[in-house]
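Worksheet: the structure to be examined is printed underneath.
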Amino acid sequence: MPAATRPARAVRPASMPRVNRGARPARGAAYFIREGVEGFKRNGLMSVAAVTITMVTLTALGAAFIVASTLDLLAAGVERNLEVVVYLREGLRQSDVGAVRTRLLRLPGVTEVAFVSKEDALASFQQRLGGKVDLKEFLSHNPLPESFAVTADRPERLEAIAAAAGQLPQVEHASYGGPTIDRLTAVTRIVRLAGLVASAGLALVAMIIIVNTIRLTVFARRMEIEVMRLVGATAWFIRWPFVIEGAITGAVAACAALILITGTYAWLAWTMGGSLPFLPLISPLEVARDLAWKLMVWGVLIGIGGSLLAVRRFLSH
Amino acid sequence: MVEFRQVSKVYPNGVCALRDVTLRIEPEEFVFIVGPTGTGKSTLTRMVYREELPSSGQVLVGGRNVTQMPVQQVPFLRRRVGVVFQDFKLLPRKTAWENVAFALEVTGTPPSEIAPRVGEVLEVVGLAPRAGAIPRELSAGEQQRVSIARALVHRPPLLVADEPTGNLDPDTSWEIVQLLSRINLRGTTVIVTTHDKTIVDILRKRVIALDRGAVIRDEARGLYAGGH
């Protein structure tokens, strides 16, 4: 290992100033990563524990995220085809139907009134169910009423149109998507909030475990750190390996969480997709792509936060 | 090079380590700081490389007031103050060569400069032939030489040795002190704390005696116990 030594030259002290201020060594990055990986491996079970709890945190975060975006998608779907559906009473004569149409067309803001016969309604319902069930097999007669699909020039008018249409004697019931959207939005908000609160709590626990894991590395390397401080290594130079150990913990946890979430989601989509045909499902691949960087960023942030906390007390003096 | 202005240190537990210490050490001087254990010698040296701050007073190193130095600048101060300890503080799994190189590696020295500079200081301390040995394979005196080489590798104008011979037998102690003296002759200011009467009395350098935290004597070409 000793390099060829040269004949002794006077170690002449450069008069006080001239310091190599803050120069980052080219080999620094490789050194930091090597030491970070070393620390991660050395802590064995503690690292596994830290990764596991971080993974649970990220899984909760990701699950809440998926549920919320599915609900968003559902609300957007409802909102896109906003119309008032005016259900007619059973057994109306042709002239009554025509009268209703005339009255509806006269309501302010109405742009189109489309008649949906009982057969049309059944056909479209069948279409939404897909080919998995054949309604005709277990329906002796068609239970769906005749209706008018009323579209308006502006969505705000829908409520008034529905109310006015509901007053007509030939009309059984008039409804529009507004309340559904309101309810969906409220549920989405709750899911988001609950996910956030749960994730924040879990993130705290994850951070505490990461802090303790990295303290083990700090302890194992305490002599090295002491020497580094004494010979003039900067605080960041000393910190970097720990920051990298924390980031590795977070990144490994994010990968595990991503596999867990996407796997579970794909399985759920596959088993439940048939029974809940109205649910707009995002493809598992898209879910993975969307979540990957989010989980990675969160995992790495939690890991780095924990490692900075772990070395903070040690480096301040 | 080093100046203490009315420096006092009281630890949170009430122990008073230094009392109103005022002293001045010129460049290229060799100074012994003597006194029985627990008289504040270590506290004094620790203030020079700012491992410790005074409760009151000021410490100047190389003309800079280190008591008011921002924390981020402390590493750069330490690259200009070599420090040697009684317990060597060598990393047990690294060779002598690697222990010295470590001081350069962690302070961002370009890799191409490391090998020549490590070789150079190992030569100065007379340990070039043992460069590949790990601390366990070296004698105590050799280990202290490695730690001196590490302290010198940044080419500091000031070297502080806190009880460098505390763990060494008399012959080895004498060799180490001679080495420090040679380093001083090359132009480095050297501050050595010790309670080893013999070496102080043989070398006849400046002696600053501390007693219960206060300077009780400061003599050029002094003796351990004072008087001529």
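Going through the structure tokens in order, the chains are called A, B, and so on, while each chain numbers its residues from 1 and the ligands are numbered from 1 in the order shown.
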Which residues are near B:Thr189? Cut-off 8 Å, only C-alpha atoms, ignore same chain within fewer than 5 positions. Put them as a VMD selection string. chain B and resid 1 26 to 30 157 to 159 184
Generate the output file for the selected residues, C-alpha atoms, as a CSV table (one decimal), in the first residue's frame.
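The resulting file, result-v3.csv, is reproduced below:
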```csv
chain,number,residue,atom,x,y,z
B,1,MET,CA,0.4,32.6,16.5
B,26,GLU,CA,4.9,33.6,18.8
B,27,PRO,CA,5.3,31.9,15.4
B,28,GLU,CA,8.0,29.1,15.4
B,29,GLU,CA,8.1,28.9,19.2
B,30,PHE,CA,8.2,25.6,21.1
B,157,PRO,CA,1.8,26.2,10.8
B,158,LEU,CA,0.8,25.1,14.3
B,159,LEU,CA,1.0,21.7,16.0
B,184,ASN,CA,9.6,22.9,15.3
```
Run DSSP on the backbone of this structure and report the residues of stretch 13-150 of chain B it assigns to helix (DSSP H, G or I), as JSON, numbers by chain. {"B": [41, 42, 43, 44, 45, 46, 47, 48, 66, 67, 68, 71, 72, 73, 74, 75, 76, 77, 78, 96, 97, 98, 99, 100, 101, 102, 103, 104, 105, 111, 112, 113, 114, 115, 116, 117, 118, 119, 120, 121, 122, 123, 124, 128, 129, 130, 135, 136, 137, 140, 141, 142, 143, 144, 145, 146, 147, 148, 149, 150]}
Spatial neighbours of stretch 198-209 of chain A, max dist 8 Å, only C-alpha atoms, sep filter under 6 positions, as number ranges by chain: A: 49-50, 53-54, 56-58, 60-61, 302-303, 305-306
Just N, CA and C atoms for this one: save the residues we selected as a JSON list (two decimals), in the first residue's frame.
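Contents of out13.json, freshly written:
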```json
[["chain", "number", "residue", "atom", "x", "y", "z"],
["A", 49, "ALA", "N", -36.08, -3.45, 9.54],
["A", 49, "ALA", "CA", -37.20, -2.85, 10.29],
["A", 49, "ALA", "C", -37.51, -1.46, 9.76],
["A", 50, "ALA", "N", -36.46, -0.68, 9.52],
["A", 50, "ALA", "CA", -36.66, 0.68, 9.04],
["A", 50, "ALA", "C", -37.32, 0.68, 7.66],
["A", 53, "ILE", "N", -41.17, -0.40, 8.04],
["A", 53, "ILE", "CA", -42.11, 0.61, 8.53],
["A", 53, "ILE", "C", -42.25, 1.74, 7.51],
["A", 54, "THR", "N", -41.18, 2.07, 6.83],
["A", 54, "THR", "CA", -41.28, 3.10, 5.79],
["A", 54, "THR", "C", -42.17, 2.60, 4.66],
["A", 56, "VAL", "N", -44.67, 0.45, 4.94],
["A", 56, "VAL", "CA", -46.06, 0.52, 5.41],
["A", 56, "VAL", "C", -46.59, 1.94, 5.24],
["A", 57, "THR", "N", -45.77, 2.90, 5.63],
["A", 57, "THR", "CA", -46.15, 4.31, 5.50],
["A", 57, "THR", "C", -46.47, 4.66, 4.05],
["A", 58, "LEU", "N", -45.56, 4.28, 3.17],
["A", 58, "LEU", "CA", -45.72, 4.63, 1.76],
["A", 58, "LEU", "C", -46.90, 3.88, 1.15],
["A", 60, "ALA", "N", -49.69, 3.05, 2.73],
["A", 60, "ALA", "CA", -50.89, 3.77, 3.16],
["A", 60, "ALA", "C", -51.09, 5.01, 2.31],
["A", 61, "LEU", "N", -49.99, 5.72, 2.09],
["A", 61, "LEU", "CA", -50.03, 6.94, 1.28],
["A", 61, "LEU", "C", -50.50, 6.62, -0.14],
["A", 302, "ILE", "N", -38.33, 10.97, 3.62],
["A", 302, "ILE", "CA", -38.45, 10.46, 4.99],
["A", 302, "ILE", "C", -37.10, 9.93, 5.46],
["A", 303, "GLY", "N", -36.42, 9.19, 4.58],
["A", 303, "GLY", "CA", -35.12, 8.61, 4.93],
["A", 303, "GLY", "C", -34.07, 9.67, 5.23],
["A", 305, "GLY", "N", -34.62, 12.80, 6.02],
["A", 305, "GLY", "CA", -35.03, 13.53, 7.23],
["A", 305, "GLY", "C", -34.58, 12.79, 8.48],
["A", 306, "GLY", "N", -34.82, 11.47, 8.49],
["A", 306, "GLY", "CA", -34.41, 10.66, 9.64],
["A", 306, "GLY", "C", -32.92, 10.70, 9.86]]
```
Would you give me, as a ChimeraX atom specification, the residues in stretch 27-210 of chain B that DSSP reads as strand (DSSP E or B)? /B:30-34,56-61,64-65,81-85,158-162,189-194,206-210
May I have the residues within 8 Å of A:Ser147 as a list in words, using only C-alpha atoms and disregarding those fewer than 6 positions away in the same chain? Val85, Val86, Tyr87, Leu88, Phe115, Val116, Ser117 and Lys118 of chain A
Would you put the residues from that selection into a file with N, CA, C and O atoms, as a PDB file, in the first residue's frame?
```pdb
ATOM      1  N   VAL A  85     -82.452  13.632 -16.022  1.00  0.00           N
ATOM      2  CA  VAL A  85     -83.218  12.493 -16.522  1.00  0.00           C
ATOM      3  C   VAL A  85     -84.628  12.605 -15.942  1.00  0.00           C
ATOM      4  O   VAL A  85     -84.805  12.648 -14.723  1.00  0.00           O
ATOM      5  N   VAL A  86     -85.590  12.729 -16.841  1.00  0.00           N
ATOM      6  CA  VAL A  86     -86.991  12.886 -16.418  1.00  0.00           C
ATOM      7  C   VAL A  86     -87.699  11.556 -16.647  1.00  0.00           C
ATOM      8  O   VAL A  86     -87.947  11.154 -17.787  1.00  0.00           O
ATOM      9  N   TYR A  87     -87.949  10.843 -15.556  1.00  0.00           N
ATOM     10  CA  TYR A  87     -88.604   9.524 -15.655  1.00  0.00           C
ATOM     11  C   TYR A  87     -90.117   9.714 -15.716  1.00  0.00           C
ATOM     12  O   TYR A  87     -90.701  10.447 -14.899  1.00  0.00           O
ATOM     13  N   LEU A  88     -90.743   9.049 -16.697  1.00  0.00           N
ATOM     14  CA  LEU A  88     -92.194   9.209 -16.886  1.00  0.00           C
ATOM     15  C   LEU A  88     -92.952   8.120 -16.144  1.00  0.00           C
ATOM     16  O   LEU A  88     -92.414   7.040 -15.884  1.00  0.00           O
ATOM     17  N   PHE A 115     -85.955  11.456 -26.232  1.00  0.00           N
ATOM     18  CA  PHE A 115     -86.812  10.428 -25.658  1.00  0.00           C
ATOM     19  C   PHE A 115     -86.041   9.115 -25.558  1.00  0.00           C
ATOM     20  O   PHE A 115     -85.356   8.714 -26.495  1.00  0.00           O
ATOM     21  N   VAL A 116     -86.125   8.472 -24.383  1.00  0.00           N
ATOM     22  CA  VAL A 116     -85.504   7.166 -24.203  1.00  0.00           C
ATOM     23  C   VAL A 116     -86.613   6.164 -23.913  1.00  0.00           C
ATOM     24  O   VAL A 116     -87.266   6.233 -22.874  1.00  0.00           O
ATOM     25  N   SER A 117     -86.822   5.254 -24.848  1.00  0.00           N
ATOM     26  CA  SER A 117     -87.884   4.268 -24.663  1.00  0.00           C
ATOM     27  C   SER A 117     -87.445   3.213 -23.662  1.00  0.00           C
ATOM     28  O   SER A 117     -86.270   3.130 -23.285  1.00  0.00           O
ATOM     29  N   LYS A 118     -88.418   2.387 -23.213  1.00  0.00           N
ATOM     30  CA  LYS A 118     -88.083   1.317 -22.271  1.00  0.00           C
ATOM     31  C   LYS A 118     -87.011   0.400 -22.860  1.00  0.00           C
ATOM     32  O   LYS A 118     -86.090  -0.021 -22.155  1.00  0.00           O
TER      33      LYS A 118
END
```
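The chain B residues that come within 7 Å of chain A are B:Gly62, B:Pro75, B:Phe76, B:Arg78, B:Arg79, B:Leu91, B:Trp97, B:Ala103, B:Val106, B:Thr107, B:Gly108, B:Thr109, B:Pro110, B:Ala115, B:Pro116, B:Gly119, B:Glu120, B:Glu123, B:Val124, B:Ala131, B:Gly132, B:Arg155, B:Pro156, B:Pro157, B:Arg186, B:Gly187, B:Thr188, with only C-alpha atoms taken into account.
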For A:Gln170, list every protein, DNA or RNA residue within 9 Å, evaluated using only C-alpha atoms, and leave out those in the same chain fewer than 4 positions away; present the list as a list of chain:residue names.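 Near neighbours after the sequence-gap exclusion: A:Tyr87, A:Leu88, A:Arg89, A:Glu90, A:Leu92, A:Asp96, A:Val97, A:Val100, A:Gly166.
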Taking only C-alpha atoms into account, name the residue in B:Glu51, B:Glu113, B:Glu3, B:Asp162 that is nearest to B:Phe88.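 Under the stated criterion, the closest residue is B:Asp162.
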Close residues, stretch 148-150 of chain A itself excluded, 12 Å, only C-alpha atoms, min 2 positions apart in chain, as JSON, numbers by chain: {"A": [81, 82, 83, 84, 85, 86, 87, 88, 89, 97, 98, 100, 101, 102, 103, 104, 105, 106, 107, 108, 109, 110, 111, 112, 113, 114, 115, 116, 117, 118, 120, 121, 145, 146, 152, 153, 154, 155, 157, 158, 159, 161, 162, 165, 170, 171, 172, 173, 174, 175, 176]}
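Computed from the coordinates, the atom CA of B:Leu60 to atom CA of B:Val160 distance equals 14.4 Å.
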Of the candidates B:Ile176, B:Leu53, B:Leu18, B:Ile191, which shows the shortest atom-to-atom distance to B:Gly38, using only C-alpha atoms? B:Leu18
Can you pull out every residue within 6 Å of stretch 32-42 of chain A, counting only C-alpha atoms, but drop anything in the same chain fewer than 3 positions away, and send it as a count of residues only? 7
So the first atom is atom CA of A:Phe125 and the second is atom CA of A:Val191; what is the distance between them in Å, to one decimal place?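 About the pair atom CA of A:Phe125 and atom CA of A:Val191: they are 29.4 Å apart.
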Pick from A:Leu135, A:Ala76, A:Arg239, A:Val252: nearest to A:Ile225, with only C-alpha atoms counted? A:Arg239
Calculate how many Å separate atom CA of B:Arg64 from atom CA of B:Ile25, rounding to one decimal.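 Separation between atom CA of B:Arg64 and atom CA of B:Ile25: 13.7 Å.
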